[in-house]
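One file, protein08.txt, carrying compact mmCIF, C-alpha atoms:
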```txt
# COMPACT_ATOMS: atom_id res chain seq x y z
CA MET A 29 0.00 0.00 0.00
CA LYS A 30 1.35 3.41 -0.87
CA LEU A 31 1.67 5.97 1.87
CA PRO A 32 -0.50 9.07 1.76
CA LYS A 33 1.42 12.21 0.86
CA GLU A 34 1.49 15.73 2.23
CA GLY A 35 -1.89 17.41 1.77
CA ASP A 36 -3.83 14.16 1.33
CA PHE A 37 -6.82 13.51 3.58
CA ILE A 38 -7.18 10.22 5.43
CA THR A 39 -9.67 8.60 7.78
CA ILE A 40 -8.56 7.48 11.24
CA GLN A 41 -10.31 4.55 12.90
CA SER A 42 -9.92 3.61 16.55
CA TYR A 43 -10.90 0.10 17.63
CA LYS A 44 -11.18 -1.69 20.96
CA HIS A 45 -9.23 -4.86 21.79
CA ASP A 46 -12.27 -7.02 20.94
CA GLY A 47 -12.27 -5.67 17.36
CA SER A 48 -15.26 -3.35 17.75
CA LEU A 49 -15.04 0.09 16.11
CA HIS A 50 -14.64 2.78 18.77
CA ARG A 51 -14.34 6.13 16.97
CA THR A 52 -13.71 7.52 13.46
CA TRP A 53 -12.19 10.83 12.37
CA ARG A 54 -12.95 11.81 8.79
CA ASP A 55 -10.64 13.98 6.69
CA THR A 56 -7.46 14.28 8.71
CA MET A 57 -4.94 16.22 6.61
CA VAL A 58 -1.58 14.49 6.27
CA LEU A 59 1.41 16.76 6.93
CA LYS A 60 4.17 14.13 6.75
CA THR A 61 4.61 10.38 6.44
CA THR A 62 7.74 8.32 7.04
CA ASP A 63 8.24 4.58 7.18
CA ASN A 64 7.38 4.71 10.90
CA ALA A 65 5.25 7.78 11.55
CA VAL A 66 2.32 9.86 10.34
CA ILE A 67 1.87 13.49 11.31
CA GLY A 68 -1.46 15.08 10.48
CA VAL A 69 -3.89 17.75 11.53
CA ASN A 70 -7.54 17.75 12.50
CA ASP A 71 -9.34 21.07 12.25
CA HIS A 72 -13.12 21.07 12.55
CA THR A 73 -12.98 17.37 11.70
CA LEU A 74 -16.08 15.20 11.85
CA VAL A 75 -15.81 12.52 14.56
CA THR A 76 -18.26 9.61 14.74
CA GLU A 77 -18.57 7.58 17.94
CA SER A 78 -19.39 3.85 17.97
CA ASP A 79 -22.96 4.64 19.08
CA GLY A 80 -23.46 6.85 16.00
CA ARG A 81 -23.13 10.14 17.88
CA ARG A 82 -21.28 12.76 15.81
CA TRP A 83 -19.36 15.86 16.74
CA VAL A 84 -16.80 18.21 15.21
CA THR A 85 -13.38 19.02 16.67
CA ARG A 86 -13.21 22.60 17.97
CA GLU A 87 -9.65 23.67 17.30
CA PRO A 88 -6.68 22.68 15.15
CA ALA A 89 -4.84 19.66 16.54
CA ILE A 90 -1.57 18.15 15.35
CA VAL A 91 -1.82 14.35 15.51
CA TYR A 92 1.13 11.96 15.78
CA PHE A 93 1.05 8.21 15.17
CA HIS A 94 3.98 5.79 15.25
CA LYS A 95 4.50 2.16 14.17
CA LYS A 96 6.74 1.28 17.11
CA TYR A 97 5.31 3.18 20.11
CA TRP A 98 2.13 2.13 21.91
CA PHE A 99 0.66 5.63 22.09
CA ASN A 100 -0.54 8.40 19.84
CA ILE A 101 -0.53 12.09 20.58
CA ILE A 102 -3.05 14.85 19.87
CA ALA A 103 -1.69 18.37 20.40
CA MET A 104 -4.65 20.76 20.62
CA ILE A 105 -3.77 24.33 19.71
CA ARG A 106 -5.85 26.64 21.86
CA ASP A 107 -5.88 30.33 22.74
CA ASN A 108 -4.37 29.60 26.17
CA GLY A 109 -1.60 27.39 24.75
CA VAL A 110 -1.15 23.81 23.61
CA SER A 111 -2.73 20.97 25.55
CA TYR A 112 -2.24 17.29 24.78
CA TYR A 113 -4.38 14.20 24.80
CA CYS A 114 -2.32 11.02 24.54
CA ASN A 115 -3.95 7.66 23.92
CA LEU A 116 -2.23 4.48 25.06
CA ALA A 117 -2.86 2.44 21.95
CA SER A 118 -1.36 -0.11 19.62
CA PRO A 119 1.05 1.07 16.96
CA TYR A 120 -0.94 2.10 13.90
CA VAL A 121 -1.50 0.17 10.70
CA MET A 122 -2.66 1.71 7.46
CA ASP A 123 -4.64 0.23 4.61
CA GLU A 124 -6.63 1.66 1.70
CA GLU A 125 -9.50 2.40 4.08
CA ALA A 126 -7.87 4.20 7.01
CA LEU A 127 -5.12 4.60 9.58
CA LYS A 128 -6.14 2.14 12.31
CA TYR A 129 -5.18 1.41 15.89
CA ILE A 130 -6.49 -0.27 19.04
CA ASP A 131 -7.33 2.11 21.87
CA TYR A 132 -6.34 0.68 25.25
CA ASP A 133 -8.37 3.08 27.41
CA LEU A 134 -5.51 4.70 29.37
CA ASP A 135 -4.90 8.32 28.46
CA VAL A 136 -2.45 10.98 29.56
CA LYS A 137 -3.73 14.54 29.46
CA VAL A 138 -1.25 17.40 29.55
CA PHE A 139 -2.76 20.80 30.25
CA ALA A 140 -1.41 24.05 28.77
CA ASP A 141 0.12 24.88 32.18
CA GLY A 142 2.09 21.60 32.12
CA GLU A 143 -0.06 19.65 34.60
CA LYS A 144 -0.22 15.93 33.71
CA ARG A 145 -2.99 13.47 34.52
CA LEU A 146 -3.31 9.74 33.88
CA LEU A 147 -6.96 9.16 32.94
CA ASP A 148 -9.34 6.21 32.65
CA VAL A 149 -7.44 3.77 34.90
CA ASP A 150 -10.78 2.28 36.06
CA GLU A 151 -11.96 1.83 32.45
CA TYR A 152 -8.64 0.16 31.62
CA GLU A 153 -8.97 -2.34 34.49
CA ILE A 154 -12.59 -3.17 33.51
CA HIS A 155 -11.73 -3.68 29.83
CA LYS A 156 -8.55 -5.62 30.71
CA ALA A 157 -10.75 -8.14 32.53
CA GLU A 158 -13.66 -8.11 30.04
CA MET A 159 -11.59 -8.29 26.87
CA GLY A 160 -8.71 -10.34 28.24
CA TYR A 161 -5.72 -8.07 27.76
CA SER A 162 -2.71 -10.36 28.06
CA PRO A 163 0.01 -9.81 30.67
CA ASP A 164 2.33 -8.93 27.75
CA ILE A 165 0.00 -6.16 26.55
CA ASP A 166 -0.42 -4.91 30.12
CA PHE A 167 3.39 -4.75 30.50
CA ILE A 168 3.91 -3.04 27.11
CA LEU A 169 1.28 -0.39 27.88
CA LYS A 170 2.71 0.37 31.33
CA GLU A 171 6.23 0.65 29.86
CA ASN A 172 4.91 2.99 27.15
CA VAL A 173 3.30 5.22 29.80
CA LYS A 174 6.86 5.65 31.15
CA ILE A 175 8.22 6.47 27.68
CA LEU A 176 5.40 8.93 27.08
CA VAL A 177 5.95 10.71 30.42
CA ASP A 178 9.67 10.92 29.60
CA TRP A 179 8.82 12.56 26.25
CA ILE A 180 6.51 15.01 28.04
CA ASN A 181 9.04 15.86 30.75
CA ASN A 182 11.83 16.38 28.21
CA GLY A 183 9.84 18.23 25.50
CA LYS A 184 10.52 15.47 22.98
CA GLY A 185 8.78 15.26 19.59
CA PRO A 186 5.23 16.64 19.69
CA PHE A 187 5.90 18.02 23.19
CA SER A 188 8.39 20.52 21.76
CA GLU A 189 7.13 24.03 21.05
CA ALA A 190 9.27 24.13 17.88
CA TYR A 191 7.63 20.90 16.62
CA ILE A 192 4.14 22.34 17.06
CA ASN A 193 5.12 25.63 15.41
CA ILE A 194 6.68 23.88 12.39
CA TRP A 195 3.72 21.59 11.75
CA TYR A 196 1.03 24.19 12.44
CA LYS A 197 2.75 26.62 10.05
CA ARG A 198 2.93 23.87 7.40
CA TYR A 199 -0.77 23.13 7.89
CA LEU A 200 -1.66 26.80 7.37
CA GLU A 201 0.43 26.89 4.17
CA LEU A 202 -1.31 23.78 2.79
CA LYS A 203 -4.76 24.94 3.87
CA ASN A 204 -4.35 28.29 2.13
CA ARG A 205 -3.09 26.88 -1.17
```
Could you take the file, read its structure, and then write that structure out as structure tokens?
Amino acid sequence: MKLPKEGDFITIQSYKHDGSLHRTWRDTMVLKTTDNAVIGVNDHTLVTESDGRRWVTREPAIVYFHKKYWFNIIAMIRDNGVSYYCNLASPYVMDEEALKYIDYDLDVKVFADGEKRLLDVDEYEIHKAEMGYSPDIDFILKENVKILVDWINNGKGPFSEAYINIWYKRYLELKNR
């Protein structure tokens, strides 16, 4: 399958461990693809929940997906600064239909003031039991929380102000073509 190129629009599909569709984002603009990563942007993007509920994202958000890390990162660009929503999730796969990953419930939220919160621990424990997350997956996810927090604490990748500025500027250039 050929990789999408800069300026292309893709669909993103989030699944649960049991294979059920969780959430879909339509028309994410691709900013960059490499062999291992996809950087894109959502801006007033239509999101459809598994129950059919639909909503539209409120602000531009740089999205980062990787084929080796068990998390993805959404950097929401707001008037009061950048805040982050990080999903603990399988590495992505891409086919003709969409960029796809499994959402493993745990999330790390980073507020514009730098405060960090681990979210949905209860949901993770419930789904781990219900859907039978293996001890290996449990270990991988907990190790990736550590990697993610290290990235946050050290301003690595999407947590760097320069990274956000570069990709937001590129999005504005592509959008205004």
Checklist outcome for this item: Residue with the minimum atom-to-atom distance to A:Asp71, picked from A:Ile40, A:Ile175, A:Leu59, A:Ile90 with all atoms listed in the file counted, is A:Ile90
Next on the checklist: (-17.5, 8.4, 20.0) in this file's frame - what residues fall within 8 Å of it? Use all atoms listed in the file and give the answer as a PyMOL selection string.
Outcome noted: chain A and resi 50-52+75-82
Would you write out those residues with C-alpha atoms, as a short mmCIF file (atom, residue, chain, number, x, y, z; two decimals), keeping the file's coordinate frame?
```cif
data_model
loop_
_atom_site.label_atom_id
_atom_site.label_comp_id
_atom_site.auth_asym_id
_atom_site.auth_seq_id
_atom_site.Cartn_x
_atom_site.Cartn_y
_atom_site.Cartn_z
CA HIS A 50 -14.64 2.78 18.77
CA ARG A 51 -14.34 6.13 16.97
CA THR A 52 -13.71 7.52 13.46
CA VAL A 75 -15.81 12.52 14.56
CA THR A 76 -18.26 9.61 14.74
CA GLU A 77 -18.57 7.58 17.94
CA SER A 78 -19.39 3.85 17.97
CA ASP A 79 -22.96 4.64 19.08
CA GLY A 80 -23.46 6.85 16.00
CA ARG A 81 -23.13 10.14 17.88
CA ARG A 82 -21.28 12.76 15.81
#
```
Checklist entry - Could you pull the residues within 9 Å of stretch 46-48 of chain A, counting all atoms listed in the file, minus those fewer than 5 positions along the same chain, as a ChimeraX atom specification? => result /A:78,130,159-160
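Across A:Asp107, A:Leu127, A:Pro119, A:Val149, the tightest approach to A:Gly68 is made by A:Leu127 when counting only C-alpha atoms.
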Once you add 4 Å to each side, what are the centre and edge lengths of the axis-aligned box holding all listed atoms of stretch 55-60 of chain A? One decimal in Å, as lines of an AutoDock Vina configuration file, if you can.
```
center_x = -3.2
center_y = 15.4
center_z = 7.5
size_x = 22.8
size_y = 10.8
size_z = 10.4
```
Checklist entry - So which residues fall inside 6 Å of (1.3, 14.5, 28.5) if we count only C-alpha atoms? Mind giving them as a ChimeraX atom specification? => result /A:112,136-138,144,180
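Taking all atoms listed in the file into account, A:Asp166 lies nearest to A:Tyr132 out of the set A:Gly185, A:Tyr132, A:Ala140, A:Ala89.
Minimum atom-to-atom distances from A:Asp178, A:Glu201, A:Asp135, A:Asp148 to A:Asn100 were compared using all atoms listed in the file, and the lowest value belongs to A:Asp135.
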Checklist entry - atom CA of A:Val91 and atom CA of A:Val66, how far apart in Å? => result 8.0 Å
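Distance annotation: of A:Lys95, A:Lys170, A:Lys156, A:Lys128, the residue with the minimal separation from A:Gln41 is A:Lys128; atom set is all atoms listed in the file.
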Item to check | Best match for closeness to A:Thr73 among A:Thr39, A:Leu49, A:Arg106, A:Tyr97, counting all atoms listed in the file | outcome: A:Thr39
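For the atom pair formed by atom CA of A:Gly109 and atom CA of A:Tyr196, the distance is 13.0 Å, given to one decimal.
Pairwise distance (atom CA of A:Thr85, atom CA of A:Val173) equals 25.3 Å.
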Residues within 8 Å of A:Pro88, please, as a PDB file with C-alpha atoms, in the frame of the given file. Count all atoms listed in the file; anything in the same chain fewer than 4 positions from it doesn't count.
```pdb
ATOM      1  CA  VAL A  69      -3.890  17.750  11.530  1.00  0.00           C
ATOM      2  CA  ASN A  70      -7.540  17.750  12.500  1.00  0.00           C
ATOM      3  CA  ASP A  71      -9.340  21.070  12.250  1.00  0.00           C
ATOM      4  CA  HIS A  72     -13.120  21.070  12.550  1.00  0.00           C
ATOM      5  CA  MET A 104      -4.650  20.760  20.620  1.00  0.00           C
ATOM      6  CA  ILE A 105      -3.770  24.330  19.710  1.00  0.00           C
ATOM      7  CA  ARG A 106      -5.850  26.640  21.860  1.00  0.00           C
TER       8      ARG A 106
END
```
